[in-house]
file work.pdb (PDB, C-alpha atoms)
ATOM      1  CA  MET A   1     -20.727  -8.239  11.450
ATOM      2  CA  THR A   2     -21.510 -10.991   8.968
ATOM      3  CA  THR A   3     -20.541 -14.587   9.670
ATOM      4  CA  THR A   4     -20.718 -16.099   6.204
ATOM      5  CA  PRO A   5     -17.995 -18.772   5.882
ATOM      6  CA  HIS A   6     -15.380 -18.291   3.203
ATOM      7  CA  ALA A   7     -14.743 -21.778   1.961
ATOM      8  CA  HIS A   8     -13.133 -20.497  -1.220
ATOM      9  CA  ALA A   9     -11.180 -17.606   0.248
ATOM     10  CA  ARG A  10      -7.911 -16.547  -1.321
ATOM     11  CA  PRO A  11      -4.561 -17.310   0.333
ATOM     12  CA  HIS A  12      -3.905 -15.572   3.643
ATOM     13  CA  ALA A  13      -1.557 -12.912   2.293
ATOM     14  CA  HIS A  14      -0.806 -11.069  -0.882
ATOM     15  CA  THR A  15       1.158 -13.085  -3.404
ATOM     16  CA  ASP A  16       3.416 -12.188  -6.301
ATOM     17  CA  GLN A  17       0.284 -12.354  -8.452
ATOM     18  CA  ASP A  18      -0.844  -9.155  -6.726
ATOM     19  CA  ARG A  19       1.300  -6.875  -8.848
ATOM     20  CA  LEU A  20      -0.905  -3.921  -7.933
ATOM     21  CA  ILE A  21      -2.988  -3.159  -4.850
ATOM     22  CA  TYR A  22      -5.878  -0.721  -4.881
ATOM     23  CA  GLY A  23      -5.651   1.788  -2.029
ATOM     24  CA  CYS A  24      -9.095   2.794  -0.765
ATOM     25  CA  MET A  25      -8.129   5.990   1.072
ATOM     26  CA  GLY A  26     -10.002   8.121  -1.481
ATOM     27  CA  LEU A  27     -13.346   6.404  -0.927
ATOM     28  CA  GLY A  28     -16.080   7.449   1.478
ATOM     29  CA  GLY A  29     -16.488  11.183   1.056
ATOM     30  CA  SER A  30     -15.126  13.774   3.484
ATOM     31  CA  TRP A  31     -12.425  13.471   6.131
ATOM     32  CA  ASP A  32     -14.797  14.132   9.037
ATOM     33  CA  SER A  33     -17.619  12.498  10.939
ATOM     34  CA  ALA A  34     -20.322  13.569   8.478
ATOM     35  CA  PRO A  35     -22.270  10.513   7.270
ATOM     36  CA  TYR A  36     -21.442   9.084   3.883
ATOM     37  CA  LYS A  37     -24.076   9.345   1.173
ATOM     38  CA  ALA A  38     -25.495   7.056  -1.473
ATOM     39  CA  ALA A  39     -23.346   8.851  -4.049
ATOM     40  CA  ASP A  40     -20.248   7.900  -2.038
ATOM     41  CA  ILE A  41     -21.240   4.228  -2.215
ATOM     42  CA  ASP A  42     -21.779   4.538  -5.966
ATOM     43  CA  ALA A  43     -18.366   6.184  -6.383
ATOM     44  CA  ALA A  44     -16.734   3.423  -4.350
ATOM     45  CA  GLU A  45     -18.462   0.776  -6.447
ATOM     46  CA  ALA A  46     -17.225   2.432  -9.646
ATOM     47  CA  ALA A  47     -13.650   2.541  -8.312
ATOM     48  CA  VAL A  48     -13.759  -1.090  -7.174
ATOM     49  CA  GLN A  49     -15.131  -2.185 -10.540
ATOM     50  CA  ALA A  50     -12.410  -0.248 -12.372
ATOM     51  CA  ALA A  51      -9.809  -1.994 -10.222
ATOM     52  CA  LEU A  52     -11.307  -5.417 -10.908
ATOM     53  CA  ASP A  53     -11.504  -4.646 -14.630
ATOM     54  CA  SER A  54      -7.797  -3.817 -14.494
ATOM     55  CA  GLY A  55      -6.862  -7.144 -12.905
ATOM     56  CA  ILE A  56      -6.510  -5.837  -9.344
ATOM     57  CA  THR A  57      -7.951  -8.097  -6.648
ATOM     58  CA  ALA A  58      -6.151  -6.797  -3.531
ATOM     59  CA  PHE A  59      -7.646  -3.826  -1.650
ATOM     60  CA  ASP A  60      -5.892  -1.751   1.008
ATOM     61  CA  HIS A  61      -7.677   0.084   3.833
ATOM     62  CA  ALA A  62      -6.983   1.708   7.179
ATOM     63  CA  ASP A  63      -9.394   2.316  10.033
ATOM     64  CA  ILE A  64      -8.716   6.061   9.873
ATOM     65  CA  TYR A  65      -9.337   6.591   6.158
ATOM     66  CA  ARG A  66     -12.142   9.150   5.812
ATOM     67  CA  ASP A  67     -12.782   8.682   9.539
ATOM     68  CA  GLY A  68     -13.805   5.066   8.939
ATOM     69  CA  LYS A  69     -16.052   5.827   5.980
ATOM     70  CA  ALA A  70     -13.682   4.316   3.411
ATOM     71  CA  GLU A  71     -14.142   0.913   5.044
ATOM     72  CA  ALA A  72     -17.864   1.503   5.473
ATOM     73  CA  VAL A  73     -18.616   2.289   1.825
ATOM     74  CA  PHE A  74     -16.420  -0.631   0.770
ATOM     75  CA  GLY A  75     -18.510  -2.834   3.047
ATOM     76  CA  GLU A  76     -21.620  -1.525   1.310
ATOM     77  CA  VAL A  77     -20.088  -2.500  -2.038
ATOM     78  CA  LEU A  78     -19.376  -5.996  -0.739
ATOM     79  CA  ALA A  79     -22.965  -6.266   0.469
ATOM     80  CA  ARG A  80     -24.216  -5.201  -2.977
ATOM     81  CA  THR A  81     -22.078  -7.763  -4.776
ATOM     82  CA  PRO A  82     -22.606 -11.370  -3.650
ATOM     83  CA  GLY A  83     -19.488 -13.490  -4.082
ATOM     84  CA  LEU A  84     -17.093 -10.541  -4.385
ATOM     85  CA  ARG A  85     -15.538 -11.039  -0.939
ATOM     86  CA  GLU A  86     -14.420 -14.544  -1.885
ATOM     87  CA  ARG A  87     -12.609 -13.242  -4.974
ATOM     88  CA  ILE A  88     -10.523 -10.520  -3.357
ATOM     89  CA  THR A  89      -7.961  -9.887  -0.648
ATOM     90  CA  VAL A  90      -8.838  -7.245   1.944
ATOM     91  CA  GLN A  91      -6.108  -5.563   3.967
ATOM     92  CA  THR A  92      -6.528  -2.905   6.633
ATOM     93  CA  LYS A  93      -4.370  -1.040   9.132
ATOM     94  CA  CYS A  94      -4.613   0.157  12.699
ATOM     95  CA  GLY A  95      -2.434   2.102  15.116
ATOM     96  CA  ILE A  96      -3.169   5.776  14.416
ATOM     97  CA  ARG A  97      -5.616   7.810  16.487
ATOM     98  CA  LEU A  98      -6.685  10.955  14.650
ATOM     99  CA  ALA A  99      -6.730  14.343  16.355
ATOM    100  CA  ASP A 100     -10.021  15.086  18.092
ATOM    101  CA  GLY A 101     -10.749  18.593  19.314
ATOM    102  CA  ASP A 102      -7.913  19.637  21.605
ATOM    103  CA  ARG A 103      -6.460  16.120  21.670
ATOM    104  CA  PRO A 104      -3.583  15.701  19.204
ATOM    105  CA  GLY A 105      -3.237  12.751  16.876
ATOM    106  CA  VAL A 106      -1.187   9.932  18.402
ATOM    107  CA  TYR A 107      -0.064   6.381  17.694
ATOM    108  CA  ASP A 108      -1.533   3.569  19.768
ATOM    109  CA  LEU A 109      -0.556  -0.089  19.391
ATOM    110  CA  SER A 110      -1.725  -1.229  22.808
ATOM    111  CA  GLY A 111      -3.197  -4.715  22.733
ATOM    112  CA  ALA A 112      -6.712  -3.607  23.657
ATOM    113  CA  ARG A 113      -6.669  -0.859  21.038
ATOM    114  CA  ILE A 114      -5.563  -3.259  18.285
ATOM    115  CA  ALA A 115      -8.349  -5.714  19.160
ATOM    116  CA  ARG A 116     -11.005  -2.998  19.284
ATOM    117  CA  CYS A 117      -9.904  -1.438  15.983
ATOM    118  CA  VAL A 118     -10.077  -4.787  14.188
ATOM    119  CA  GLU A 119     -13.583  -5.498  15.487
ATOM    120  CA  GLU A 120     -14.713  -2.044  14.336
ATOM    121  CA  SER A 121     -13.091  -2.481  10.933
ATOM    122  CA  LEU A 122     -14.775  -5.854  10.428
ATOM    123  CA  THR A 123     -18.146  -4.327  11.247
ATOM    124  CA  ARG A 124     -17.635  -1.476   8.777
ATOM    125  CA  LEU A 125     -16.320  -3.820   6.079
ATOM    126  CA  GLN A 126     -19.223  -6.234   6.635
ATOM    127  CA  THR A 127     -16.933  -9.253   6.647
ATOM    128  CA  ASP A 128     -15.875 -11.825   9.220
ATOM    129  CA  HIS A 129     -12.140 -11.529   8.633
ATOM    130  CA  VAL A 130      -9.451  -9.481   6.968
ATOM    131  CA  ASP A 131      -6.712 -11.211   5.040
ATOM    132  CA  VAL A 132      -3.914  -8.915   6.206
ATOM    133  CA  LEU A 133      -3.640  -6.447   9.099
ATOM    134  CA  LEU A 134      -0.822  -3.893   9.018
ATOM    135  CA  LEU A 135       0.395  -1.903  12.023
ATOM    136  CA  HIS A 136       0.120   1.576  10.521
ATOM    137  CA  ARG A 137       2.929   3.453  12.305
ATOM    138  CA  PRO A 138       5.481   2.535  14.975
ATOM    139  CA  ASP A 139       4.254   3.361  18.480
ATOM    140  CA  PRO A 140       7.230   4.118  20.786
ATOM    141  CA  LEU A 141       5.151   3.054  23.800
ATOM    142  CA  ALA A 142       4.129  -0.292  22.339
ATOM    143  CA  ASP A 143       5.240  -3.365  24.262
ATOM    144  CA  PRO A 144       6.136  -5.937  21.576
ATOM    145  CA  SER A 145       5.070  -8.844  23.758
ATOM    146  CA  GLU A 146       1.666  -7.206  24.258
ATOM    147  CA  VAL A 147       1.369  -6.521  20.534
ATOM    148  CA  ALA A 148       2.286 -10.130  19.774
ATOM    149  CA  LYS A 149      -0.337 -11.409  22.214
ATOM    150  CA  ALA A 150      -3.017  -9.288  20.547
ATOM    151  CA  LEU A 151      -2.042 -10.386  17.044
ATOM    152  CA  THR A 152      -1.904 -14.044  18.056
ATOM    153  CA  SER A 153      -5.367 -13.813  19.588
ATOM    154  CA  LEU A 154      -6.773 -12.227  16.413
ATOM    155  CA  GLN A 155      -5.277 -15.001  14.316
ATOM    156  CA  GLU A 156      -6.528 -17.759  16.634
ATOM    157  CA  GLN A 157     -10.043 -16.292  16.476
ATOM    158  CA  GLY A 158      -9.891 -16.320  12.685
ATOM    159  CA  LEU A 159     -10.428 -12.563  12.503
ATOM    160  CA  VAL A 160      -7.093 -11.847  10.781
ATOM    161  CA  ARG A 161      -5.181 -14.284   8.620
ATOM    162  CA  SER A 162      -1.792 -12.581   8.244
ATOM    163  CA  PHE A 163       0.016  -9.558   9.619
ATOM    164  CA  GLY A 164       2.463  -6.942   8.459
ATOM    165  CA  VAL A 165       3.690  -3.462   9.231
ATOM    166  CA  SER A 166       3.812  -0.058   7.627
ATOM    167  CA  ASN A 167       6.504   2.627   7.783
ATOM    168  CA  MET A 168       8.915   0.458   9.784
ATOM    169  CA  SER A 169      12.646  -0.159   9.535
ATOM    170  CA  ALA A 170      14.455  -3.474   9.437
ATOM    171  CA  HIS A 171      15.352  -3.299  13.133
ATOM    172  CA  GLN A 172      11.797  -2.469  14.176
ATOM    173  CA  ILE A 173      10.451  -5.354  12.104
ATOM    174  CA  ALA A 174      13.027  -7.795  13.483
ATOM    175  CA  HIS A 175      12.292  -6.719  17.062
ATOM    176  CA  LEU A 176       8.563  -7.347  16.642
ATOM    177  CA  GLN A 177       9.137 -10.585  14.717
ATOM    178  CA  SER A 178      11.201 -11.961  17.604
ATOM    179  CA  HIS A 179       8.023 -12.001  19.705
ATOM    180  CA  LEU A 180       5.844 -13.697  17.083
ATOM    181  CA  ASP A 181       5.405 -17.368  16.151
ATOM    182  CA  PHE A 182       4.241 -16.520  12.612
ATOM    183  CA  PRO A 183       5.946 -14.426   9.936
ATOM    184  CA  LEU A 184       5.185 -10.823   9.149
ATOM    185  CA  VAL A 185       4.282 -10.729   5.462
ATOM    186  CA  ALA A 186       4.343  -7.076   4.349
ATOM    187  CA  ASN A 187       5.906  -3.672   4.938
ATOM    188  CA  GLN A 188       4.227  -0.650   3.355
ATOM    189  CA  LEU A 189       6.501   2.340   2.685
ATOM    190  CA  GLU A 190       6.345   5.529   0.664
ATOM    191  CA  MET A 191       8.138   4.624  -2.559
ATOM    192  CA  SER A 192       7.982   6.281  -5.970
ATOM    193  CA  LEU A 193      10.079   7.815  -8.711
ATOM    194  CA  LYS A 194       9.820  11.051  -6.703
ATOM    195  CA  SER A 195      10.224   9.622  -3.182
ATOM    196  CA  ARG A 196      13.483   7.828  -3.876
ATOM    197  CA  ASP A 197      15.233   7.655  -0.478
ATOM    198  CA  TRP A 198      14.632   3.892  -0.412
ATOM    199  CA  VAL A 199      16.718   3.320  -3.561
ATOM    200  CA  GLU A 200      19.176   6.183  -3.073
ATOM    201  CA  ALA A 201      20.194   4.947   0.381
ATOM    202  CA  GLY A 202      21.854   1.929  -1.178
ATOM    203  CA  VAL A 203      24.146   3.932  -3.466
ATOM    204  CA  LEU A 204      24.972   6.914  -1.250
ATOM    205  CA  VAL A 205      27.002   4.892   1.240
ATOM    206  CA  ASN A 206      30.376   6.564   1.780
ATOM    207  CA  THR A 207      29.253   9.827   0.139
ATOM    208  CA  PRO A 208      28.417  13.207   1.727
ATOM    209  CA  GLU A 209      24.842  12.901   0.437
ATOM    210  CA  ALA A 210      24.256   9.966   2.765
ATOM    211  CA  ALA A 211      23.902  12.418   5.673
ATOM    212  CA  THR A 212      20.691  13.819   4.194
ATOM    213  CA  ASN A 213      19.094  10.482   3.329
ATOM    214  CA  GLY A 214      16.720   9.412   6.067
ATOM    215  CA  PHE A 215      15.818   5.954   4.798
ATOM    216  CA  PRO A 216      16.926   3.168   7.192
ATOM    217  CA  LEU A 217      19.633   1.348   5.279
ATOM    218  CA  GLY A 218      19.144  -2.412   5.131
ATOM    219  CA  THR A 219      15.342  -2.373   5.278
ATOM    220  CA  LEU A 220      14.893  -3.531   1.676
ATOM    221  CA  GLU A 221      17.446  -6.282   2.158
ATOM    222  CA  HIS A 222      15.855  -7.412   5.428
ATOM    223  CA  CYS A 223      12.424  -7.649   3.806
ATOM    224  CA  ALA A 224      13.814  -9.591   0.839
ATOM    225  CA  THR A 225      15.718 -11.982   3.084
ATOM    226  CA  HIS A 226      12.676 -12.753   5.209
ATOM    227  CA  GLY A 227      10.035 -12.893   2.481
ATOM    228  CA  ILE A 228       8.323  -9.673   3.542
ATOM    229  CA  ARG A 229       6.495  -8.139   0.585
ATOM    230  CA  LEU A 230       7.167  -4.454   0.063
ATOM    231  CA  GLN A 231       4.125  -2.322  -0.711
ATOM    232  CA  ALA A 232       4.600   1.204  -2.058
ATOM    233  CA  TRP A 233       2.199   3.914  -0.987
ATOM    234  CA  GLY A 234       2.128   7.089  -3.058
ATOM    235  CA  PRO A 235       3.618   5.276  -6.094
ATOM    236  CA  LEU A 236       2.252   7.734  -8.679
ATOM    237  CA  ALA A 237       3.814  10.670  -6.794
ATOM    238  CA  GLN A 238       0.541  12.629  -6.774
ATOM    239  CA  GLY A 239       0.760  13.159 -10.527
ATOM    240  CA  SER A 240       4.215  14.769 -10.483
ATOM    241  CA  TYR A 241       5.040  13.175 -13.858
ATOM    242  CA  THR A 242       1.548  12.988 -15.345
ATOM    243  CA  GLY A 243       0.309  16.574 -15.422
ATOM    244  CA  ARG A 244       1.355  18.209 -12.152
ATOM    245  CA  GLU A 245       4.999  18.910 -12.915
ATOM    246  CA  ALA A 246       6.511  21.749 -10.858
ATOM    247  CA  THR A 247      10.298  21.528 -11.275
ATOM    248  CA  PRO A 248      12.653  21.231 -14.248
ATOM    249  CA  ALA A 249      13.478  17.654 -13.246
ATOM    250  CA  GLU A 250       9.780  16.773 -13.105
ATOM    251  CA  TYR A 251       9.131  18.293 -16.533
ATOM    252  CA  ALA A 252      12.077  16.386 -18.024
ATOM    253  CA  THR A 253      10.960  13.159 -16.369
ATOM    254  CA  ALA A 254       7.383  13.604 -17.569
ATOM    255  CA  GLN A 255       8.639  13.962 -21.146
ATOM    256  CA  LEU A 256      10.704  10.785 -20.801
ATOM    257  CA  VAL A 257       7.790   8.924 -19.220
ATOM    258  CA  THR A 258       5.502   9.949 -22.080
ATOM    259  CA  ALA A 259       8.037   8.900 -24.710
ATOM    260  CA  LEU A 260       8.518   5.496 -23.103
ATOM    261  CA  ALA A 261       4.767   5.012 -22.808
ATOM    262  CA  GLU A 262       4.287   5.697 -26.506
ATOM    263  CA  GLU A 263       7.145   3.377 -27.438
ATOM    264  CA  LYS A 264       5.772   0.533 -25.312
ATOM    265  CA  HIS A 265       2.093   1.110 -26.194
ATOM    266  CA  THR A 266       1.008   1.786 -22.639
ATOM    267  CA  THR A 267       0.219   4.716 -20.347
ATOM    268  CA  PRO A 268       2.512   7.109 -18.463
ATOM    269  CA  GLU A 269       1.058   5.775 -15.190
ATOM    270  CA  THR A 270       2.182   2.278 -16.128
ATOM    271  CA  ILE A 271       5.735   3.426 -16.862
ATOM    272  CA  ILE A 272       5.950   5.050 -13.414
ATOM    273  CA  LEU A 273       4.640   1.883 -11.742
ATOM    274  CA  TRP A 274       6.897  -0.344 -13.826
ATOM    275  CA  TRP A 275       9.864   1.618 -12.500
ATOM    276  CA  LEU A 276       8.986   0.368  -9.017
ATOM    277  CA  GLN A 277       8.069  -3.137 -10.124
ATOM    278  CA  ARG A 278      11.311  -3.551 -12.111
ATOM    279  CA  HIS A 279      13.313  -3.389  -8.873
ATOM    280  CA  PRO A 280      14.158  -6.855  -7.474
ATOM    281  CA  ALA A 281      12.702  -5.957  -4.061
ATOM    282  CA  ARG A 282       9.287  -7.298  -5.215
ATOM    283  CA  ILE A 283       7.437  -4.014  -4.798
ATOM    284  CA  ALA A 284       3.644  -3.976  -5.078
ATOM    285  CA  PRO A 285       2.457  -0.398  -5.716
ATOM    286  CA  VAL A 286      -0.683   0.719  -3.878
ATOM    287  CA  ILE A 287      -2.523   3.074  -6.224
ATOM    288  CA  GLY A 288      -4.798   5.492  -4.411
ATOM    289  CA  THR A 289      -6.737   7.393  -7.042
ATOM    290  CA  ALA A 290     -10.519   7.196  -6.854
ATOM    291  CA  ASN A 291     -10.880   8.178 -10.515
ATOM    292  CA  PRO A 292     -11.953   5.092 -12.533
ATOM    293  CA  THR A 293     -10.233   6.413 -15.671
ATOM    294  CA  ARG A 294      -6.930   6.796 -13.886
ATOM    295  CA  ILE A 295      -7.323   3.405 -12.215
ATOM    296  CA  ARG A 296      -7.748   1.813 -15.627
ATOM    297  CA  ALA A 297      -4.678   3.710 -16.857
ATOM    298  CA  CYS A 298      -2.677   1.488 -14.486
ATOM    299  CA  ARG A 299      -3.998  -1.813 -15.829
ATOM    300  CA  ASP A 300      -0.845  -2.798 -17.740
ATOM    301  CA  ALA A 301       1.101  -2.626 -14.483
ATOM    302  CA  ALA A 302      -1.290  -5.241 -13.103
ATOM    303  CA  ARG A 303      -1.283  -7.451 -16.186
ATOM    304  CA  ARG A 304       2.161  -7.190 -17.813
ATOM    305  CA  ASP A 305       5.691  -7.745 -16.568
ATOM    306  CA  PRO A 306       7.694  -4.500 -16.364
ATOM    307  CA  GLU A 307       9.019  -3.744 -19.827
ATOM    308  CA  LEU A 308      11.863  -1.415 -18.876
ATOM    309  CA  THR A 309      15.426  -2.225 -19.808
ATOM    310  CA  HIS A 310      18.330  -1.721 -17.426
ATOM    311  CA  GLU A 311      19.225   1.484 -19.265
ATOM    312  CA  GLU A 312      15.661   2.834 -19.325
ATOM    313  CA  TRP A 313      15.245   2.222 -15.605
ATOM    314  CA  TYR A 314      18.434   4.143 -14.853
ATOM    315  CA  GLU A 315      17.528   6.923 -17.274
ATOM    316  CA  LEU A 316      14.262   7.480 -15.423
ATOM    317  CA  TRP A 317      16.083   7.518 -12.079
ATOM    318  CA  VAL A 318      18.827   9.929 -13.119
ATOM    319  CA  THR A 319      16.376  12.249 -14.872
ATOM    320  CA  ALA A 320      14.067  12.322 -11.858
ATOM    321  CA  ARG A 321      16.901  13.071  -9.424
ATOM    322  CA  GLY A 322      18.123  15.884 -11.681
ATOM    323  CA  ALA A 323      21.764  15.020 -11.110
ATOM    324  CA  ALA A 324      24.244  12.313 -11.994
ATOM    325  CA  LEU A 325      24.740   9.340  -9.690
ATOM    326  CA  PRO A 326      27.758   9.507  -7.363
TER     327      PRO A 326
END
call {"tool": "encode", "arguments": {"input": "work.pdb", "output": "structure tokens"}}
result
Amino acid sequence: MTTTPHAHARPHAHTDQDRLIYGCMGLGGSWDSAPYKAADIDAAEAAVQAALDSGITAFDHADIYRDGKAEAVFGEVLARTPGLRERITVQTKCGIRLADGDRPGVYDLSGARIARCVEESLTRLQTDHVDVLLLHRPDPLADPSEVAKALTSLQEQGLVRSFGVSNMSAHQIAHLQSHLDFPLVANQLEMSLKSRDWVEAGVLVNTPEAATNGFPLGTLEHCATHGIRLQAWGPLAQGSYTGREATPAEYATAQLVTALAEEKHTTPETIILWWLQRHPARIAPVIGTANPTRIRACRDAARRDPELTHEEWYELWVTARGAALP
């Protein structure tokens, strides 16, 4: 693990300037223990450069991505590019143990496991700290006081600057926060024009449809109240509106997205991301494509304020849901 000081490091957590985050899950080759290759490093470098060219300076990882190889090839890119680490924000996650042979995949937020995962991530990333550490999934067996002790120790050692969560509800966040002396800064959730439970939950109150909406009501409001930045994973909906349409609603939405993109002189990907960014919850989409061309197609979402009117935003929503609002 390198020990180069970072006298000019960016602020501890993502800021509102980080309109987009680049998700590095697609880097590193295969999802197994096979070693990564030189071509995988080159592909990671091309993706990172495309993100930087698009105005993206925040990068999202997890210790499990590509069995650790996503972090490792990113570390190789950092080693190839002197000064890059000081210009970017690096975020990673821990808390998931992948299946191994007959052992099923589980969640593990024990204090010792958190500490070990961070040390391993730092070694793979070839850096002396990460700017943000997210707890990847809730672990029902986690003792919040033990988690808090581990996070506090990581911060005191200078290994992690800020902390957040992923896939957690308002009550889970509040319970953990009650054991911490510093604020949680982020919550990463699946959010897109296709995965709309997060926005639908707020308008289905007192309707029969509410029974089928699994999103924990109040989570957006809790995050806004406490300054917790929402990050959206899967924001491009795996291409559901940009070439992989499968339902009548998706075809209709793709046509609308294309028309809006032409009208506003941007790309369909940007329109889909603007739909998230236009919401007052301060959502930072985490784009996960490893294709440099598609990364660059998102650049206006990193550089321009969302240019969707109130009516256009609702038209996208209603068209995507395929039914009128209640």
call {"tool": "residues_around", "arguments": {"input": "work.pdb", "residues": "A:Ala51", "least_positions_apart": "2", "cutoff": "8 Å", "atoms": "all atoms listed in the file", "output": "mmCIF file with C-alpha atoms, in the frame of the given file"}}
result
data_model
loop_
_atom_site.group_PDB
_atom_site.id
_atom_site.type_symbol
_atom_site.label_atom_id
_atom_site.label_comp_id
_atom_site.auth_asym_id
_atom_site.auth_seq_id
_atom_site.Cartn_x
_atom_site.Cartn_y
_atom_site.Cartn_z
ATOM 1 C CA TYR A 22 -5.878 -0.721 -4.881
ATOM 2 C CA ALA A 47 -13.650 2.541 -8.312
ATOM 3 C CA VAL A 48 -13.759 -1.090 -7.174
ATOM 4 C CA GLN A 49 -15.131 -2.185 -10.540
ATOM 5 C CA ASP A 53 -11.504 -4.646 -14.630
ATOM 6 C CA SER A 54 -7.797 -3.817 -14.494
ATOM 7 C CA GLY A 55 -6.862 -7.144 -12.905
ATOM 8 C CA ILE A 56 -6.510 -5.837 -9.344
ATOM 9 C CA THR A 57 -7.951 -8.097 -6.648
ATOM 10 C CA PRO A 292 -11.953 5.092 -12.533
ATOM 11 C CA ILE A 295 -7.323 3.405 -12.215
ATOM 12 C CA ARG A 296 -7.748 1.813 -15.627
#
call {"tool": "residues_around", "arguments": {"input": "work.pdb", "residues": "stretch 149-165 of chain A", "least_positions_apart": "5", "cutoff": "9 Å", "atoms": "only C-alpha atoms", "output": "PyMOL selection string"}}
result
chain A and resi 11-13+93+110-112+114-115+118-119+122+128-138+144+173+179-188+228-229
call {"tool": "residues_around", "arguments": {"input": "work.pdb", "residues": "A:Ala39", "least_positions_apart": "6", "cutoff": "12 Å", "atoms": "all atoms listed in the file", "output": "NGL selection string"}}
result
:A and (27-29 or 45-46 or 73 or 76-77)
call {"tool": "write_last_selection", "arguments": {"input": "work.pdb", "atoms": "C-alpha atoms", "output": "tab-separated table (two decimals), in the coordinates of the input"}}
result
chain	number	residue	atom	x	y	z
A	27	LEU	CA	-13.35	6.40	-0.93
A	28	GLY	CA	-16.08	7.45	1.48
A	29	GLY	CA	-16.49	11.18	1.06
A	45	GLU	CA	-18.46	0.78	-6.45
A	46	ALA	CA	-17.23	2.43	-9.65
A	73	VAL	CA	-18.62	2.29	1.82
A	76	GLU	CA	-21.62	-1.52	1.31
A	77	VAL	CA	-20.09	-2.50	-2.04
call {"tool": "closest_residue", "arguments": {"input": "work.pdb", "among": "A:Cys298, A:Leu308, A:Leu78, A:Met25", "to": "A:Gln126", "atoms": "only C-alpha atoms"}}
result
A:Leu78
call {"tool": "resolve_selection", "arguments": {"input": "work.pdb", "expression": "the PyMOL selection byres ((chain A and resi 59) around 8)", "output": "PDB file with C-alpha atoms, in the frame of the given file"}}
result
ATOM      1  CA  ILE A  21      -2.988  -3.159  -4.850  1.00  0.00           C
ATOM      2  CA  TYR A  22      -5.878  -0.721  -4.881  1.00  0.00           C
ATOM      3  CA  GLY A  23      -5.651   1.788  -2.029  1.00  0.00           C
ATOM      4  CA  CYS A  24      -9.095   2.794  -0.765  1.00  0.00           C
ATOM      5  CA  THR A  57      -7.951  -8.097  -6.648  1.00  0.00           C
ATOM      6  CA  ALA A  58      -6.151  -6.797  -3.531  1.00  0.00           C
ATOM      7  CA  ASP A  60      -5.892  -1.751   1.008  1.00  0.00           C
ATOM      8  CA  HIS A  61      -7.677   0.084   3.833  1.00  0.00           C
ATOM      9  CA  ILE A  88     -10.523 -10.520  -3.357  1.00  0.00           C
ATOM     10  CA  THR A  89      -7.961  -9.887  -0.648  1.00  0.00           C
ATOM     11  CA  VAL A  90      -8.838  -7.245   1.944  1.00  0.00           C
ATOM     12  CA  GLN A  91      -6.108  -5.563   3.967  1.00  0.00           C
TER      13      GLN A  91
END
call {"tool": "residues_around", "arguments": {"input": "work.pdb", "residues": "A:Gly218", "least_positions_apart": "3", "cutoff": "7 Å", "atoms": "only C-alpha atoms", "output": "ChimeraX atom specification"}}
result
/A:170,221-222
call {"tool": "resolve_selection", "arguments": {"input": "work.pdb", "expression": "the PyMOL selection byres ((chain A and resi 314-320) around 9)", "output": "VMD selection string"}}
result
chain A and resid 193 to 194 196 249 to 250 252 to 254 256 to 257 272 275 309 to 313 321 to 325
call {"tool": "atom_distance", "arguments": {"input": "work.pdb", "atom1": "atom CA of A:Leu204", "atom2": "atom CA of A:Leu230"}}
result
21.2 Å
call {"tool": "atom_distance", "arguments": {"input": "work.pdb", "atom1": "atom CA of A:Pro235", "atom2": "atom CA of A:Glu209"}}
result
23.5 Å
call {"tool": "atom_distance", "arguments": {"input": "work.pdb", "atom1": "atom CA of A:Glu71", "atom2": "atom CA of A:Asp40"}}
result
11.7 Å
call {"tool": "residues_around", "arguments": {"input": "work.pdb", "residues": "A:Ile283", "least_positions_apart": "4", "cutoff": "10 Å", "atoms": "all atoms listed in the file", "output": "ChimeraX atom specification"}}
result
/A:16,18-20,187-189,191,220,229-232,273-279
call {"tool": "resolve_selection", "arguments": {"input": "work.pdb", "expression": "the PyMOL selection byres ((chain A and resi 32) around 10)", "output": "number ranges by chain"}}
result
A: 29-31, 33-36, 65-69
call {"tool": "residues_near_point", "arguments": {"input": "work.pdb", "point": "(-6.7, 9.8, 19.4)", "cutoff": "12 Å", "atoms": "all atoms listed in the file", "output": "PyMOL selection string"}}
result
chain A and resi 64+67+94-109+113
call {"tool": "closest_residue", "arguments": {"input": "work.pdb", "among": "A:Ala302, A:Arg244, A:Asp42, A:Val286", "to": "A:Thr270", "atoms": "all atoms listed in the file"}}
result
A:Ala302
